[in-house]
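A short write-up of the structure that comes next.
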Amino acid sequence: MDKTWNNKAWFLVLPVLVLVAFTAVIPLMTVVNYSVQDTFGNNVFTWAGTEWFEDLLSSGRFWEAMVRNLIFSFIILAIEVPLGIFIALNMPKKGWGVPVCLVLMSLPLLIPWNVVGTIWQVFGRNDIGLLGYYLNAIGIDYNYVQDPFDAWVTIIVMDVWHWTSLVVLLCYAGLVSIPDAFYQAAKIDGASRWAVFRYIQLPKMQRVLLIAVLLRFMDSFMIYTEPFVVTGGGPGNSTTFLSIDLVKTALGQFDLGPAAAMSLVYFLIILLLSWVFYTVMTNYDAER
Amino acid sequence: MARIDVNHVRHSYLPNPQKDADFALREVHHTFEDGGAYALLGPSGCGKTTLLNIISGLLHPSHGQLLFNGRDVTNLSTQERNIAQVFQFPVIYDTMTVYDNLAFPLRNRGVPEADVDRKVRETLEMIDLASWAKKKARGLTADQKQKISLGRGLVRSDVNAILFDEPLTVIDPHMKWVLRSQLKQLHRRFGYTMVYVTHDQTEALTFADQVVVMYDGGIVQIGTPAELFERPRHTFVGYFIGSPGMNVMPVAIDGKTATLGSQRIELPGAPKAGSGTVELGIRPEYVRLGRDGMAVSISKVEDVGRHKVVRAKLEGRDIAAVIGEDETVPAEPKVRFDPAGINIYADSWRVEMGA
């Protein structure tokens with residue numbers, strides 16, 4: 001009796017397979033199906049082959065949106081990660097300040113995406129918004145509706161306000177897990193403040209930082225709601241990210257074929273980047 | 001290396017200590033001689049780690065003064081005191097190699113790289129990790145990590161003292177022996193002043209020349225392992241050291257005899273017992289079980305391998321005796337107290353025997 005194969009075992013995984021089929025595989029295949037066909041409504045489809053993919057990859061609009069996405073994610077990470085670490089390092093480790101800080105930090109995370117967008121949309125308006133009105137009152141020409149630069153600044157500041165807390169909370173969790181003995185030993189070894197950060201705090205935060213970077217990257221790369229509410233992708237196309245472009249194509253113009261092709265490419269990009277992150281993280285673990 | 005004088009040091013973790021109970025360290029006045037190996041022994045919460053952290057400068061005492069070689073260091077920082085300390089859990093810098101870990105304290109002090117290299121190589125030899133120099137420190141076992149913590153202290157040749165805060169707690173039993181004997185060797189070869197905090201009497205007694213027994217925020221006795229065993233100054237030392245601890249029973253003293261219930265016990269001398277509670281203490285090793293003496297009823301015999309521990313009742317009180325592995329318990333057991341092992345305590349403190 002050394003038979004290790006038993007085909008009846010497949011029944012055990014059947015429920016999962018069925019569930020995944022309905023929630024993921026079938027919708028995905030529908031998209032694949034759309035992406036190689038053309039339709040003029042009435043459920044009449046004609047074969048289009050790789051036409052949509054070729055169109056998409058040769059379209060300037062797609063690449064521009066992609067570059068915007070990458071720039072946006074890069075700026076977000078470059079601001080939120082160092083800022084998050086800095087705030088976490090300066091948060092109190094004991095006493096009444098801890099709950100106060102934690103609650104303050106969690107507040108932005110509790111607000112729904114579209115509300116965040118609305119808050120900043122109003123906040124930045126020149127006529128009734130506190131920020132927009134006073135910036136203009138002190139002589140700074142700020143108008144996110146017309147100026148692409150102002151629109152970018154608004155969206156980035158909004159995202160930093162919304163999501164830096166996540167990085168802070170993750171880093172803080174890493175920091176409080178460091179036993180006192182490490183700081184005491186560092187004192188005895190005569191370590192400077194910088195050496196304590198570089199050799200004790202940063203290594204202990206490394207794992208949570210990787211997760212923070214991964215989460216913030218994926219989230220910012222898929223950003224949709226906030227810029228949609230604040231700028232609607234404008235002025236012009238200056239804040240049109242991939243997701244906004246996708247929704248415009250699929251729902252605005254009802255071009256199912258091109259939108260499906262775009263979704264697949266978008267999906268593959270995120271899959272690729274997630275795989276890269278996953279590899280980096282598992283390699284890091286293996287090294288330990 | 002330095003002589004360390006702890007002058008009337010008191011410490012409280014409260015902002016405004018009033019009564020004695022507010023102090024984690026009631027009052028310690030003691031001199032750690034240059035090159036001595038000391039153990040601070042006591043139960044959890046007796047203040048031994050507090051005392052250690054005051055010596056290293058991680059804590060500033062509420063009252064009192066600390067001298068290194070006669071120089072007042074009470075207000076100096078840890079770094080300025082030039083102390084090495086090994087903690088309960090190994091502290092290593094994960095991302096560095098073993099070599100860099102040892103070099104860290106020197107580089108922080110701006111020592112020239114050539115000297116760093118020489119000192120680190122010497123230290124790696126001393127702690128037996130020379131072949132691991134280039135390895136990342138995080139892959140090491142607990143005892144190797146603890147050796148690195150120790151090495152970071154040894155690498156600075158001019159340290160005033162090396163302090164240990166229960167350093168072997170997380171080490172496997174067989175490695176404990178190895179590390180402890182390596183520590184003894186290092187002490188003999190280089191003559192460091194070492195202070196070793198522990199709650200494990202075996203560790204304290206094997207490591208130290210002088211054991212400082214602490215209880216409830218104060219020092220109750222300082223002595224060699226033999227002194228602590230033969231002549232405990234306080235009943236606590238009697239209970240705490242030895243396995244099982246000393247038998248202590250209330251008695252009435254009349255000249256050279258002690259009365260315990262209906263039994264009379266001959267003493268080696270007439271103790272100068274004053275008023276208050278008078279107790280007789282005798283270690284189980286000095287209780288002789290045989291056919292003559294005071295009648296006892298046996299409740300249990302524990303065979304611990306090298307010898308047997310007999311638990312019995314004498315005049316309604318629990319008493320322990322140690323007998324040889326081959327000895328048997330007689331049918332009508334009786335006990336005698338060997339006069340050499342008898343100590344008399346008045347209000348828990350030992351009193352001298354008169355002639």
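Residues are named by chain letter and number: chains run A, B, ... in the order of the structure tokens, numbers start at 1 in each chain, and ligands are numbered from 1 in the order shown.
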Report task. Taking the chain letters and numbering used in this document, name the residues of range 126-251 of chain A that DSSP puts in alpha helix (DSSP H), as a ChimeraX atom specification. Result -> /A:130-137,148-176,180-188,193-196,202-221,225-230,242-247
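Close contacts of range 149-161 of chain B, defined as residues with an atom at most 7 Å away when counting only C-alpha atoms, with chain neighbours fewer than 2 positions off set aside, comprise Met1, Ala2, Asn82, Ile83, Ala84, Gln85, Val86, Pro90, Val91, Ile92, Leu102, Pro105, Leu106, Lys119, Val120, Thr123, Ile127, Lys145, Gln146, Lys147, Leu163, Tyr192, Thr193 and Met194 of chain B.
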Selection above as a file: N, CA and C atoms, as a PDB file, in the first residue's frame:
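The result, stored in selection12.pdb:
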ATOM      1  N   MET B   1      40.312  48.450  34.254  1.00  0.00           N
ATOM      2  CA  MET B   1      39.738  47.791  35.429  1.00  0.00           C
ATOM      3  C   MET B   1      39.656  48.760  36.576  1.00  0.00           C
ATOM      4  N   ALA B   2      38.647  48.567  37.383  1.00  0.00           N
ATOM      5  CA  ALA B   2      38.474  49.559  38.434  1.00  0.00           C
ATOM      6  C   ALA B   2      37.861  48.950  39.678  1.00  0.00           C
ATOM      7  N   ASN B  82      32.505  53.928  30.563  1.00  0.00           N
ATOM      8  CA  ASN B  82      33.286  52.882  29.922  1.00  0.00           C
ATOM      9  C   ASN B  82      33.092  51.523  30.592  1.00  0.00           C
ATOM     10  N   ILE B  83      31.881  51.056  30.459  1.00  0.00           N
ATOM     11  CA  ILE B  83      31.442  49.820  31.094  1.00  0.00           C
ATOM     12  C   ILE B  83      31.003  48.873  29.986  1.00  0.00           C
ATOM     13  N   ALA B  84      31.151  47.580  30.219  1.00  0.00           N
ATOM     14  CA  ALA B  84      30.551  46.625  29.285  1.00  0.00           C
ATOM     15  C   ALA B  84      29.428  45.914  30.004  1.00  0.00           C
ATOM     16  N   GLN B  85      28.346  45.654  29.280  1.00  0.00           N
ATOM     17  CA  GLN B  85      27.237  44.951  29.921  1.00  0.00           C
ATOM     18  C   GLN B  85      26.678  43.904  28.963  1.00  0.00           C
ATOM     19  N   VAL B  86      26.417  42.740  29.497  1.00  0.00           N
ATOM     20  CA  VAL B  86      25.817  41.662  28.706  1.00  0.00           C
ATOM     21  C   VAL B  86      24.409  41.447  29.246  1.00  0.00           C
ATOM     22  N   PRO B  90      20.454  38.020  24.071  1.00  0.00           N
ATOM     23  CA  PRO B  90      21.609  38.464  23.308  1.00  0.00           C
ATOM     24  C   PRO B  90      21.257  39.675  22.441  1.00  0.00           C
ATOM     25  N   VAL B  91      22.056  40.722  22.547  1.00  0.00           N
ATOM     26  CA  VAL B  91      21.864  41.879  21.691  1.00  0.00           C
ATOM     27  C   VAL B  91      22.965  41.853  20.635  1.00  0.00           C
ATOM     28  N   ILE B  92      22.528  41.661  19.385  1.00  0.00           N
ATOM     29  CA  ILE B  92      23.510  41.698  18.305  1.00  0.00           C
ATOM     30  C   ILE B  92      22.955  42.596  17.220  1.00  0.00           C
ATOM     31  N   LEU B 102      31.803  43.261  16.538  1.00  0.00           N
ATOM     32  CA  LEU B 102      32.829  43.494  17.552  1.00  0.00           C
ATOM     33  C   LEU B 102      33.531  44.823  17.331  1.00  0.00           C
ATOM     34  N   PRO B 105      31.749  48.997  18.785  1.00  0.00           N
ATOM     35  CA  PRO B 105      32.038  49.913  19.892  1.00  0.00           C
ATOM     36  C   PRO B 105      33.330  50.699  19.691  1.00  0.00           C
ATOM     37  N   LEU B 106      34.301  50.094  19.007  1.00  0.00           N
ATOM     38  CA  LEU B 106      35.572  50.792  18.781  1.00  0.00           C
ATOM     39  C   LEU B 106      35.393  51.881  17.737  1.00  0.00           C
ATOM     40  N   LYS B 119      42.471  44.543  17.667  1.00  0.00           N
ATOM     41  CA  LYS B 119      41.669  44.222  18.848  1.00  0.00           C
ATOM     42  C   LYS B 119      40.564  43.209  18.526  1.00  0.00           C
ATOM     43  N   VAL B 120      39.920  43.406  17.367  1.00  0.00           N
ATOM     44  CA  VAL B 120      38.821  42.510  17.017  1.00  0.00           C
ATOM     45  C   VAL B 120      39.347  41.094  16.820  1.00  0.00           C
ATOM     46  N   THR B 123      40.017  39.537  20.140  1.00  0.00           N
ATOM     47  CA  THR B 123      38.782  39.204  20.846  1.00  0.00           C
ATOM     48  C   THR B 123      38.117  37.974  20.241  1.00  0.00           C
ATOM     49  N   ILE B 127      36.985  34.658  22.380  1.00  0.00           N
ATOM     50  CA  ILE B 127      35.644  34.080  22.510  1.00  0.00           C
ATOM     51  C   ILE B 127      35.422  32.937  21.535  1.00  0.00           C
ATOM     52  N   LYS B 145      25.557  34.153  19.864  1.00  0.00           N
ATOM     53  CA  LYS B 145      25.152  35.558  19.937  1.00  0.00           C
ATOM     54  C   LYS B 145      25.549  36.158  21.280  1.00  0.00           C
ATOM     55  N   GLN B 146      25.357  35.377  22.344  1.00  0.00           N
ATOM     56  CA  GLN B 146      25.692  35.893  23.665  1.00  0.00           C
ATOM     57  C   GLN B 146      27.197  36.111  23.781  1.00  0.00           C
ATOM     58  N   LYS B 147      27.979  35.265  23.110  1.00  0.00           N
ATOM     59  CA  LYS B 147      29.431  35.468  23.104  1.00  0.00           C
ATOM     60  C   LYS B 147      29.789  36.767  22.388  1.00  0.00           C
ATOM     61  N   LEU B 163      29.641  43.817  33.261  1.00  0.00           N
ATOM     62  CA  LEU B 163      28.447  43.494  34.033  1.00  0.00           C
ATOM     63  C   LEU B 163      27.608  42.478  33.257  1.00  0.00           C
ATOM     64  N   TYR B 192      39.453  40.918  34.809  1.00  0.00           N
ATOM     65  CA  TYR B 192      38.405  41.931  34.745  1.00  0.00           C
ATOM     66  C   TYR B 192      37.643  41.988  36.064  1.00  0.00           C
ATOM     67  N   THR B 193      37.124  43.157  36.397  1.00  0.00           N
ATOM     68  CA  THR B 193      36.150  43.251  37.477  1.00  0.00           C
ATOM     69  C   THR B 193      34.817  42.807  36.890  1.00  0.00           C
ATOM     70  N   MET B 194      34.244  41.755  37.438  1.00  0.00           N
ATOM     71  CA  MET B 194      33.015  41.229  36.853  1.00  0.00           C
ATOM     72  C   MET B 194      31.908  41.203  37.895  1.00  0.00           C
TER      73      MET B 194
END
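Our summary of the geometry notes that CA of Thr277 in chain B is positioned 5.1 Å from CA of Asp347 in chain B.
Distance criterion 6 Å to chain B, applied with only C-alpha atoms, yields Phe182, Ile188, Asp189, Gly190 and Ala191 of chain A on chain A.
Distances here use only C-alpha atoms; by that measure, the residue among A:Leu264, A:Val280, A:Met218, A:Val13 closest to Met29 in chain A is A:Leu264.
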Query raised in the report: For Asp245 in chain A, which of A:Asn114, A:Asn43, A:Thr279, A:Ser263 is the closest residue, counting only C-alpha atoms?
Result: A:Ser263
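Near Gln146 in chain A, within a cut-off of 9 Å and counting only C-alpha atoms, sit the residues Ala151, Gly234, Pro235 and Gly236 of chain A, with same-chain residues fewer than 5 positions away left out.
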Would you save the residues of that selection, restricted to C-alpha atoms, as a tab-separated table (two decimals), in the first residue's frame?
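Saved file result03.tsv follows:
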chain	number	residue	atom	x	y	z
A	151	ALA	CA	-3.81	69.46	-9.99
A	234	GLY	CA	-8.11	66.80	-15.98
A	235	PRO	CA	-7.21	69.45	-16.73
A	236	GLY	CA	-6.91	67.98	-20.19
Quick one: residues within 12 Å of range 261-267 of chain B, only C-alpha atoms counted, chain neighbours fewer than 2 positions away excluded, as a short mmCIF file (atom, residue, chain, number, x, y, z; two decimals) with C-alpha atoms, in the first residue's frame?
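Below is the file around14.cif, written as the result:
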data_model
loop_
_atom_site.label_atom_id
_atom_site.label_comp_id
_atom_site.auth_asym_id
_atom_site.auth_seq_id
_atom_site.Cartn_x
_atom_site.Cartn_y
_atom_site.Cartn_z
CA MET B 249 12.11 26.38 63.47
CA PRO B 250 11.14 28.57 66.40
CA VAL B 251 12.83 27.60 69.68
CA ALA B 252 13.27 28.83 73.18
CA ILE B 253 16.85 29.32 74.36
CA ASP B 254 18.12 28.61 77.84
CA GLY B 255 21.89 28.81 78.13
CA LYS B 256 23.34 26.07 75.95
CA THR B 257 20.10 24.31 75.22
CA ALA B 258 17.30 25.08 72.82
CA THR B 259 13.78 23.83 73.43
CA GLY B 269 27.60 27.39 72.73
CA ALA B 270 25.30 29.83 74.48
CA PRO B 271 23.85 32.19 71.88
CA LEU B 280 17.09 27.59 65.09
CA GLY B 281 18.37 26.96 61.60
CA ILE B 282 19.99 23.78 60.40
CA GLY B 293 17.45 11.32 68.96
CA MET B 294 14.11 13.04 68.37
CA ALA B 295 11.23 10.99 66.97
CA VAL B 296 9.93 12.05 63.56
CA LEU B 314 9.25 16.93 63.87
CA GLU B 315 7.00 18.26 66.62
CA GLY B 316 4.42 18.99 63.93
CA ARG B 317 6.83 21.03 61.80
CA LYS B 334 14.72 9.61 64.81
CA VAL B 335 16.87 12.64 64.05
CA ARG B 336 19.83 14.36 65.66
CA PHE B 337 21.20 17.78 64.78
CA ASP B 338 24.94 17.95 64.16
CA PRO B 339 26.05 20.86 66.41
CA ALA B 340 28.46 22.10 63.70
CA GLY B 341 25.52 22.95 61.50
CA ILE B 342 23.36 24.77 64.02
CA ASN B 343 22.77 28.52 63.66
CA ILE B 344 20.57 30.62 65.93
CA GLU B 352 26.90 34.58 67.52
CA MET B 353 27.37 31.70 69.91
CA GLY B 354 28.99 32.55 73.25
CA ALA B 355 31.28 30.19 75.08
#
Report task. Please provide the set of residues having any atom within 9 Å of Trp120 in chain A, restricted to only C-alpha atoms, with same-chain residues fewer than 5 positions apart removed, written as a PyMOL selection string. Result -> chain A and resi 115+125+129+131+154-155+158+226+230
Output file for the residues above (C-alpha atoms, as an mmCIF file, in the first residue's frame):
data_model
loop_
_atom_site.group_PDB
_atom_site.id
_atom_site.type_symbol
_atom_site.label_atom_id
_atom_site.label_comp_id
_atom_site.auth_asym_id
_atom_site.auth_seq_id
_atom_site.Cartn_x
_atom_site.Cartn_y
_atom_site.Cartn_z
ATOM 1 C CA VAL A 115 -15.227 61.196 0.735
ATOM 2 C CA ARG A 125 -11.723 75.299 -4.555
ATOM 3 C CA GLY A 129 -12.441 76.081 -0.294
ATOM 4 C CA LEU A 131 -7.068 76.045 1.016
ATOM 5 C CA THR A 154 -3.397 68.605 -4.931
ATOM 6 C CA ILE A 155 -3.643 64.890 -5.665
ATOM 7 C CA MET A 158 -4.215 64.438 -0.707
ATOM 8 C CA GLU A 226 -9.693 60.275 -5.484
ATOM 9 C CA VAL A 230 -11.158 65.818 -7.541
#
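Residue nearest Ser238 in chain A within the list A:Met262, A:Ile85, A:Val153, A:Leu130: A:Val153 [criterion: smallest interatomic distance, only C-alpha atoms].
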Requested in this report: Please provide the set of residues having any atom within 8 Å of range 73-76 of chain A, restricted to only C-alpha atoms, with same-chain residues fewer than 5 positions apart removed, written as a VMD selection string.
Outcome: chain A and resid 156 159 to 160 216 to 217 220 to 221
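Minimum atom-to-atom distances from B:Leu25, B:Val111, B:Val98, B:Ala312 to Pro61 in chain B were compared using only C-alpha atoms, and the lowest value belongs to B:Leu25.
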Query - Filtered DSSP result for range 56-249 of chain B, state strand (DSSP E or B), as an NGL selection string - result: :B and (63-68 or 71-72 or 84-86 or 97 or 136 or 162-165 or 194-198 or 210-215 or 218-223 or 234 or 247-249)
